[in-house]
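Chemist: File follows, data-v7.txt with compact mmCIF, C-alpha atoms:
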# COMPACT_ATOMS: atom_id res chain seq x y z
CA MET A 4 -9.54 24.47 -23.62
CA ILE A 5 -9.23 23.87 -19.87
CA ASN A 6 -5.80 22.73 -18.68
CA CYS A 7 -5.77 20.21 -15.87
CA TRP A 8 -2.60 19.56 -13.89
CA ASN A 9 -1.83 16.64 -11.59
CA GLY A 10 0.27 18.43 -8.96
CA GLU A 11 3.69 17.51 -10.39
CA GLY A 12 3.52 19.93 -13.28
CA VAL A 13 2.18 17.25 -15.65
CA GLU A 14 -0.88 18.05 -17.72
CA MET A 15 -3.48 15.34 -17.25
CA ASP A 16 -5.53 13.70 -19.97
CA ILE A 17 -8.91 15.19 -19.05
CA GLY A 18 -10.79 12.21 -20.52
CA LEU A 19 -8.77 9.71 -18.50
CA ASN A 20 -9.05 11.84 -15.37
CA ARG A 21 -12.83 11.89 -15.68
CA ALA A 22 -12.95 8.15 -16.38
CA LEU A 23 -10.77 7.38 -13.36
CA MET A 24 -12.82 9.62 -11.11
CA ASP A 25 -16.04 8.01 -12.37
CA ILE A 26 -14.59 4.59 -11.51
CA TYR A 27 -13.62 5.88 -8.09
CA GLY A 28 -17.09 7.33 -7.56
CA SER A 29 -18.78 4.05 -8.47
CA MET A 30 -16.64 2.09 -6.01
CA TYR A 31 -17.04 4.63 -3.23
CA GLU A 32 -20.82 4.82 -3.70
CA LYS A 33 -21.08 1.04 -3.31
CA GLU A 34 -19.04 0.64 -0.12
CA GLY A 35 -18.35 4.08 1.35
CA SER A 36 -14.99 4.88 2.93
CA ARG A 37 -12.77 1.82 3.51
CA HIS A 38 -10.95 3.46 6.48
CA TRP A 39 -7.65 2.03 5.33
CA TRP A 40 -4.92 1.45 6.63
CA PRO A 41 -6.27 -0.11 9.87
CA ALA A 42 -3.67 0.62 12.56
CA GLU A 43 -3.40 2.43 15.90
CA ASN A 44 -0.30 4.36 14.84
CA ASP A 45 2.20 4.79 12.01
CA PHE A 46 4.58 2.13 13.26
CA GLU A 47 1.84 -0.47 13.48
CA MET A 48 0.89 0.43 9.91
CA ILE A 49 4.48 -0.14 8.74
CA VAL A 50 4.69 -3.50 10.51
CA GLY A 51 1.44 -4.51 8.82
CA ALA A 52 2.75 -3.48 5.40
CA ILE A 53 5.87 -5.61 5.87
CA LEU A 54 3.99 -8.63 7.20
CA THR A 55 1.08 -8.65 4.74
CA GLN A 56 3.11 -9.86 1.77
CA PHE A 57 1.79 -13.24 0.55
CA VAL A 58 -0.61 -13.71 3.45
CA SER A 59 -4.15 -12.76 4.49
CA TRP A 60 -4.80 -9.72 6.66
CA LYS A 61 -6.29 -11.99 9.34
CA ASN A 62 -2.87 -13.58 9.86
CA VAL A 63 -1.22 -10.16 9.97
CA THR A 64 -3.64 -9.07 12.69
CA THR A 65 -2.77 -12.16 14.71
CA ALA A 66 0.96 -11.44 14.41
CA ILE A 67 0.50 -7.80 15.44
CA GLU A 68 -1.52 -8.86 18.48
CA ASN A 69 1.26 -11.29 19.40
CA LEU A 70 3.80 -8.46 19.26
CA LYS A 71 1.57 -6.22 21.35
CA ARG A 72 1.10 -8.92 23.96
CA GLU A 73 4.87 -9.16 24.38
CA ASN A 74 5.30 -5.36 24.40
CA LEU A 75 7.44 -5.56 21.27
CA LEU A 76 5.35 -3.47 18.86
CA SER A 77 7.75 -0.54 18.78
CA ILE A 78 11.02 0.37 17.13
CA GLU A 79 12.85 -0.08 20.42
CA GLY A 80 11.07 -3.36 21.11
CA ILE A 81 11.91 -4.96 17.78
CA CYS A 82 15.49 -3.65 17.85
CA SER A 83 16.05 -5.33 21.22
CA ALA A 84 14.04 -8.51 20.57
CA ASN A 85 15.75 -11.85 20.11
CA ILE A 86 15.35 -12.78 16.44
CA GLU A 87 14.11 -16.31 17.25
CA ILE A 88 11.41 -14.92 19.53
CA LEU A 89 10.41 -12.41 16.86
CA GLU A 90 10.17 -15.18 14.27
CA GLU A 91 7.93 -17.25 16.54
CA LEU A 92 5.57 -14.33 17.20
CA ILE A 93 5.03 -13.70 13.49
CA ARG A 94 5.15 -17.35 12.36
CA CYS A 95 1.53 -17.15 11.15
CA THR A 96 2.48 -14.70 8.38
CA ARG A 97 4.46 -17.16 6.17
CA PHE A 98 8.09 -16.52 5.24
CA TYR A 99 8.36 -15.44 8.86
CA LYS A 100 12.15 -15.73 9.04
CA GLN A 101 12.62 -13.26 6.18
CA LYS A 102 9.92 -10.98 7.57
CA ALA A 103 11.49 -10.97 11.03
CA LYS A 104 14.75 -9.90 9.40
CA LYS A 105 12.95 -7.17 7.44
CA LEU A 106 11.43 -5.79 10.64
CA LYS A 107 14.81 -5.88 12.37
CA VAL A 108 16.62 -4.16 9.51
CA PHE A 109 13.98 -1.44 9.19
CA CYS A 110 13.90 -0.70 12.93
CA LEU A 111 17.69 -0.72 13.31
CA HIS A 112 17.93 1.69 10.38
CA VAL A 113 15.44 4.13 11.93
CA GLU A 114 17.16 3.80 15.29
CA SER A 115 20.68 4.40 13.99
CA ARG A 116 19.90 7.13 11.44
CA TYR A 117 16.97 8.95 13.04
CA ARG A 118 17.33 8.04 16.72
CA GLY A 119 14.16 6.02 16.45
CA SER A 120 12.00 8.87 15.13
CA LEU A 121 9.70 8.08 12.22
CA ASP A 122 8.74 11.75 12.11
CA LYS A 123 12.35 12.65 11.36
CA MET A 124 12.54 10.01 8.67
CA PHE A 125 9.32 11.25 7.10
CA GLU A 126 10.68 14.79 6.79
CA ASN A 127 12.58 13.61 3.71
CA ASP A 128 11.35 14.45 0.25
CA LEU A 129 8.92 11.85 -1.11
CA TYR A 130 11.30 10.42 -3.69
CA ASP A 131 14.34 10.58 -1.39
CA LEU A 132 12.31 8.66 1.17
CA ARG A 133 11.30 6.11 -1.46
CA ARG A 134 14.90 5.52 -2.52
CA GLU A 135 15.91 5.11 1.11
CA LEU A 136 13.17 2.58 1.81
CA LEU A 137 13.96 0.60 -1.33
CA SER A 138 17.59 0.37 -0.23
CA LEU A 139 16.58 -1.61 2.87
CA TYR A 140 16.50 -5.40 2.95
CA GLY A 141 13.19 -6.83 1.76
CA ILE A 142 11.40 -3.53 1.12
CA GLY A 143 9.95 -3.62 -2.39
CA LYS A 144 8.07 -0.98 -4.34
CA GLU A 145 4.61 -1.82 -3.07
CA THR A 146 5.68 -1.93 0.57
CA ALA A 147 7.71 1.28 0.26
CA ASP A 148 4.81 3.08 -1.38
CA CYS A 149 2.36 1.87 1.29
CA ILE A 150 4.65 3.28 3.97
CA ILE A 151 4.97 6.59 2.11
CA LEU A 152 1.24 6.97 1.50
CA TYR A 153 -0.27 5.64 4.71
CA ALA A 154 2.40 6.39 7.33
CA ALA A 155 4.36 9.35 5.92
CA ARG A 156 1.15 10.71 4.32
CA LYS A 157 2.81 11.75 1.09
CA PRO A 158 0.95 11.45 -2.24
CA ILE A 159 2.15 8.37 -4.09
CA PHE A 160 -0.19 5.87 -5.73
CA VAL A 161 0.10 2.28 -4.51
CA VAL A 162 -0.58 -0.50 -7.00
CA ASP A 163 -0.82 -4.21 -6.30
CA ALA A 164 -2.23 -7.47 -7.66
CA TYR A 165 -5.79 -6.21 -7.20
CA THR A 166 -4.98 -3.10 -9.25
CA ARG A 167 -3.63 -5.27 -12.05
CA ARG A 168 -6.67 -7.56 -11.99
CA VAL A 169 -9.39 -4.91 -11.69
CA PHE A 170 -7.94 -2.46 -14.21
CA GLY A 171 -6.83 -5.27 -16.50
CA ARG A 172 -10.44 -6.42 -16.70
CA LEU A 173 -11.52 -2.83 -17.30
CA GLY A 174 -9.19 -2.80 -20.32
CA TYR A 175 -6.50 -0.42 -19.04
CA PHE A 176 -3.59 -2.80 -18.37
CA LYS A 177 -1.99 -5.76 -20.06
CA GLU A 178 -1.52 -8.91 -18.01
CA ASP A 179 2.23 -8.30 -17.76
CA GLU A 180 2.06 -4.52 -17.15
CA SER A 181 4.93 -3.35 -14.97
CA TYR A 182 4.46 -1.82 -11.52
CA ASP A 183 6.04 1.43 -12.71
CA ASN A 184 3.74 1.73 -15.73
CA MET A 185 0.62 1.11 -13.68
CA GLN A 186 1.68 3.60 -11.03
CA ARG A 187 2.56 6.25 -13.60
CA PHE A 188 -0.85 5.81 -15.27
CA PHE A 189 -2.64 6.83 -12.09
CA MET A 190 -0.17 9.51 -11.05
CA ASP A 191 -0.22 11.15 -14.47
CA ASN A 192 -4.01 11.29 -14.61
CA LEU A 193 -5.13 11.98 -11.05
CA GLU A 194 -4.64 15.02 -8.87
CA HIS A 195 -1.83 14.38 -6.40
CA ASP A 196 -3.85 14.31 -3.21
CA THR A 197 -2.91 12.01 -0.33
CA GLU A 198 -6.48 11.37 0.78
CA LEU A 199 -7.59 10.57 -2.78
CA PHE A 200 -4.69 8.16 -3.34
CA ASN A 201 -5.35 6.57 0.06
CA GLU A 202 -9.03 5.95 -0.57
CA TYR A 203 -8.62 5.03 -4.25
CA HIS A 204 -6.16 2.24 -3.47
CA ALA A 205 -8.39 1.02 -0.64
CA GLN A 206 -11.43 0.97 -2.93
CA ILE A 207 -9.59 -1.05 -5.58
CA ASP A 208 -8.52 -3.59 -2.98
CA GLY A 209 -12.08 -3.74 -1.66
CA VAL A 210 -13.49 -4.49 -5.11
CA GLY A 211 -10.69 -6.95 -5.87
CA SER A 212 -11.14 -8.92 -2.66
CA LYS A 213 -14.95 -8.88 -2.56
CA TYR A 214 -16.18 -8.90 -6.17
CA CYS A 215 -13.43 -9.06 -8.80
CA LEU A 216 -12.13 -12.44 -7.65
CA GLY A 217 -9.42 -14.33 -9.50
CA LYS A 218 -11.78 -17.23 -10.13
CA SER A 219 -15.57 -16.95 -10.38
CA PRO A 220 -15.81 -13.16 -10.04
CA LEU A 221 -19.10 -11.83 -8.69
CA CYS A 222 -19.75 -9.57 -11.66
CA PRO A 223 -23.48 -8.86 -11.14
CA GLU A 224 -22.71 -7.41 -7.69
CA CYS A 225 -19.61 -5.46 -8.69
CA PRO A 226 -19.94 -1.65 -8.87
CA LEU A 227 -17.82 -1.69 -12.06
CA SER A 228 -19.84 -4.34 -13.92
CA LYS A 229 -21.23 -1.90 -16.50
CA ILE A 230 -17.78 -0.94 -17.80
CA CYS A 231 -15.98 -4.27 -17.30
CA LYS A 232 -14.54 -5.94 -20.41
CA ILE A 233 -14.95 -9.59 -19.28
Take the structure in the file and give it back as structure tokens.
Modeler:
Amino acid sequence: MINCWNGEGVEMDIGLNRALMDIYGSMYEKEGSRHWWPAENDFEMIVGAILTQFVSWKNVTTAIENLKRENLLSIEGICSANIEILEELIRCTRFYKQKAKKLKVFCLHVESRYRGSLDKMFENDLYDLRRELLSLYGIGKETADCIILYAARKPIFVVDAYTRRVFGRLGYFKEDESYDNMQRFFMDNLEHDTELFNEYHAQIDGVGSKYCLGKSPLCPECPLSKICKI
């Protein structure tokens, strides 16, 4: 018998690993690399992760361009920005007052604890970094994990509403499956590789936004149609 380990000393279920990699292969073959997360640098990625909650990516892009125009898309810029001005620049992202506060709190934390250096912050152990991020105002599990995977480049699997929908329809998750259970499912049965986790999450979101729609899914065009349970 061949043992297969995931990188955290956990023996993977070989059948599930193969199934998950087949799903990944089908999605990748259909669309190719998703080149996610779209950002010019790590800080821009983090701002996008905070702003994208409950709003389309188009609106996030508009807000980021507004911040760039005012030379505020930096830790120093947001730390020094008037909160009302910051709110106005990101108004298009919904819940903009809370999001402006989240940006402020995050940037002030990095400034005070790491002298404004994300690199210093990212030197922390993956799970220490996660606990630290989750302790900050408005940073939830999905946002923290996006920052860890896409900015800190540490191997943690990000799950979201698309993950729940796509893998629920494939028969892997219940409708009320918890974030932790879904994340553990992938991390227990996939090799812990940052590039794999990056692209896998991006592929799921691509399928969820383009084919596996909440209403009227485009099943005939979906790369997972042959194994879908609906």
Chemist: Which residues of segment 161-186 of chain A have any atom within 9 Å of an atom in segment 214-219 of chain A when counting all atoms listed in the file, and what is the closest pair of atoms for each, with the distance in Å to one decimal? Order the rows by chain and rising number and write it as JSON lines.
Modeler:
{"residue": "A:Tyr165", "atom": "CA", "partner": "A:Cys215", "partner_atom": "CA", "distance": 8.3}
{"residue": "A:Arg168", "atom": "CA", "partner": "A:Cys215", "partner_atom": "CA", "distance": 7.6}
{"residue": "A:Val169", "atom": "CA", "partner": "A:Cys215", "partner_atom": "CA", "distance": 6.5}
{"residue": "A:Arg172", "atom": "CA", "partner": "A:Cys215", "partner_atom": "CA", "distance": 8.8}
Chemist: Using Å and a single decimal, report how far atom CA of Lys144 of chain A sits from atom CA of Glu90 of chain A.
Modeler: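 Those two atoms sit 23.5 Å apart.
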Chemist: One number please: atom CA of Glu47 of chain A to atom CA of Ile207 of chain A, in Å, one decimal.
Modeler: 22.2 Å
Chemist: Pick from A:Leu227, A:Arg167, A:Pro158, A:Asp196: nearest to Glu180 of chain A, with all atoms listed in the file counted?
Modeler: A:Arg167
Chemist: Which distance in Å separates atom CA of Phe160 of chain A and atom CA of Asp148 of chain A, to one decimal?
Modeler: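 Computing it gives 7.2 Å between the two atoms.
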Chemist: When you count only C-alpha atoms, which of these residues is closest to Cys82 of chain A: A:Lys104, A:His38, A:Arg133, A:Lys157?
Modeler: A:Lys104
Chemist: Which of these residues is nearest to Glu126 of chain A, using only C-alpha atoms: A:Ala155, A:Ile53, A:Met30, A:Leu70?
Modeler: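 With only C-alpha atoms as the atom set, the closest residue is A:Ala155.
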Chemist: Counting only C-alpha atoms, which residues sit no farther than 7 Å from the position (-3.7, 11.0, -8.7) in the file's frame? I'd like them as a PDB file with C-alpha atoms, keeping the file's coordinate frame.
Modeler:
ATOM      1  CA  ASN A   9      -1.830  16.640 -11.590  1.00  0.00           C
ATOM      2  CA  PHE A 160      -0.190   5.870  -5.730  1.00  0.00           C
ATOM      3  CA  PHE A 189      -2.640   6.830 -12.090  1.00  0.00           C
ATOM      4  CA  MET A 190      -0.170   9.510 -11.050  1.00  0.00           C
ATOM      5  CA  ASP A 191      -0.220  11.150 -14.470  1.00  0.00           C
ATOM      6  CA  ASN A 192      -4.010  11.290 -14.610  1.00  0.00           C
ATOM      7  CA  LEU A 193      -5.130  11.980 -11.050  1.00  0.00           C
ATOM      8  CA  GLU A 194      -4.640  15.020  -8.870  1.00  0.00           C
ATOM      9  CA  HIS A 195      -1.830  14.380  -6.400  1.00  0.00           C
ATOM     10  CA  ASP A 196      -3.850  14.310  -3.210  1.00  0.00           C
ATOM     11  CA  PHE A 200      -4.690   8.160  -3.340  1.00  0.00           C
TER      12      PHE A 200
END
Chemist: Can you tell me, as a PyMOL selection string, what residues are no more than 12 Å from Gly80 of chain A when counting all atoms listed in the file, ignoring any on the same chain fewer than 5 positions away?
Modeler: chain A and resi 46+70-75+85-86+88-89+106-107+110-111+114+119
Chemist: Which of these, A:Gly51, A:Gly141, A:Pro226, A:Pro220, has the shortest distance to Trp39 of chain A once you count all atoms listed in the file?
Modeler: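 Between A:Gly51, A:Gly141, A:Pro226, A:Pro220, the residue approaching Trp39 of chain A most closely is A:Gly51.
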Chemist: Calculated over all atoms listed in the file, which of the candidates A:Tyr175, A:Ser77, A:Phe109, A:Met124 has the smallest distance to Cys231 of chain A?
Modeler: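 Closest residue, counting all atoms listed in the file: A:Tyr175.
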Chemist: Can you rebuild segment 187-206 of chain A with N, CA, C and O atoms and give it as a short mmCIF file (atom, residue, chain, number, x, y, z; two decimals), in the frame of the given file?
Modeler:
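The new file selection.cif reads:
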data_model
loop_
_atom_site.label_atom_id
_atom_site.label_comp_id
_atom_site.auth_asym_id
_atom_site.auth_seq_id
_atom_site.Cartn_x
_atom_site.Cartn_y
_atom_site.Cartn_z
N ARG A 187 2.47 5.01 -12.84
CA ARG A 187 2.56 6.25 -13.60
C ARG A 187 1.22 6.60 -14.25
O ARG A 187 0.85 7.78 -14.35
N PHE A 188 0.46 5.59 -14.68
CA PHE A 188 -0.85 5.81 -15.27
C PHE A 188 -1.75 6.58 -14.32
O PHE A 188 -2.41 7.56 -14.70
N PHE A 189 -1.79 6.15 -13.06
CA PHE A 189 -2.64 6.83 -12.09
C PHE A 189 -2.07 8.19 -11.70
O PHE A 189 -2.81 9.17 -11.60
N MET A 190 -0.77 8.26 -11.51
CA MET A 190 -0.17 9.51 -11.05
C MET A 190 -0.15 10.58 -12.13
O MET A 190 -0.16 11.78 -11.83
N ASP A 191 -0.15 10.17 -13.38
CA ASP A 191 -0.22 11.15 -14.47
C ASP A 191 -1.63 11.70 -14.66
O ASP A 191 -1.80 12.80 -15.18
N ASN A 192 -2.64 10.92 -14.25
CA ASN A 192 -4.01 11.29 -14.61
C ASN A 192 -4.94 11.52 -13.43
O ASN A 192 -6.15 11.62 -13.60
N LEU A 193 -4.36 11.61 -12.24
CA LEU A 193 -5.13 11.98 -11.05
C LEU A 193 -4.44 13.12 -10.34
O LEU A 193 -3.20 13.23 -10.37
N GLU A 194 -5.22 13.96 -9.69
CA GLU A 194 -4.64 15.02 -8.87
C GLU A 194 -3.85 14.39 -7.73
O GLU A 194 -4.29 13.42 -7.11
N HIS A 195 -2.67 14.93 -7.45
CA HIS A 195 -1.83 14.38 -6.40
C HIS A 195 -2.34 14.84 -5.03
O HIS A 195 -1.94 15.87 -4.51
N ASP A 196 -3.21 14.02 -4.49
CA ASP A 196 -3.85 14.31 -3.21
C ASP A 196 -3.74 13.05 -2.35
O ASP A 196 -4.20 11.97 -2.75
N THR A 197 -3.15 13.17 -1.18
CA THR A 197 -2.91 12.01 -0.33
C THR A 197 -4.19 11.28 0.03
O THR A 197 -4.26 10.04 -0.04
N GLU A 198 -5.23 12.02 0.39
CA GLU A 198 -6.48 11.37 0.78
C GLU A 198 -7.12 10.65 -0.40
O GLU A 198 -7.68 9.56 -0.23
N LEU A 199 -7.04 11.22 -1.59
CA LEU A 199 -7.59 10.57 -2.78
C LEU A 199 -6.82 9.28 -3.07
O LEU A 199 -7.42 8.23 -3.30
N PHE A 200 -5.49 9.35 -3.07
CA PHE A 200 -4.69 8.16 -3.34
C PHE A 200 -4.94 7.08 -2.29
O PHE A 200 -4.98 5.88 -2.61
N ASN A 201 -5.06 7.50 -1.04
CA ASN A 201 -5.35 6.57 0.06
C ASN A 201 -6.64 5.81 -0.21
O ASN A 201 -6.67 4.58 -0.24
N GLU A 202 -7.71 6.57 -0.41
CA GLU A 202 -9.03 5.95 -0.57
C GLU A 202 -9.16 5.19 -1.88
O GLU A 202 -9.80 4.13 -1.94
N TYR A 203 -8.52 5.70 -2.95
CA TYR A 203 -8.62 5.03 -4.25
C TYR A 203 -8.01 3.63 -4.17
O TYR A 203 -8.61 2.64 -4.62
N HIS A 204 -6.81 3.54 -3.62
CA HIS A 204 -6.16 2.24 -3.47
C HIS A 204 -7.00 1.30 -2.61
O HIS A 204 -7.17 0.11 -2.93
N ALA A 205 -7.56 1.82 -1.52
CA ALA A 205 -8.39 1.02 -0.64
C ALA A 205 -9.64 0.52 -1.35
O ALA A 205 -10.06 -0.64 -1.18
N GLN A 206 -10.24 1.37 -2.18
CA GLN A 206 -11.43 0.97 -2.93
C GLN A 206 -11.12 -0.13 -3.94
O GLN A 206 -11.89 -1.08 -4.11
#
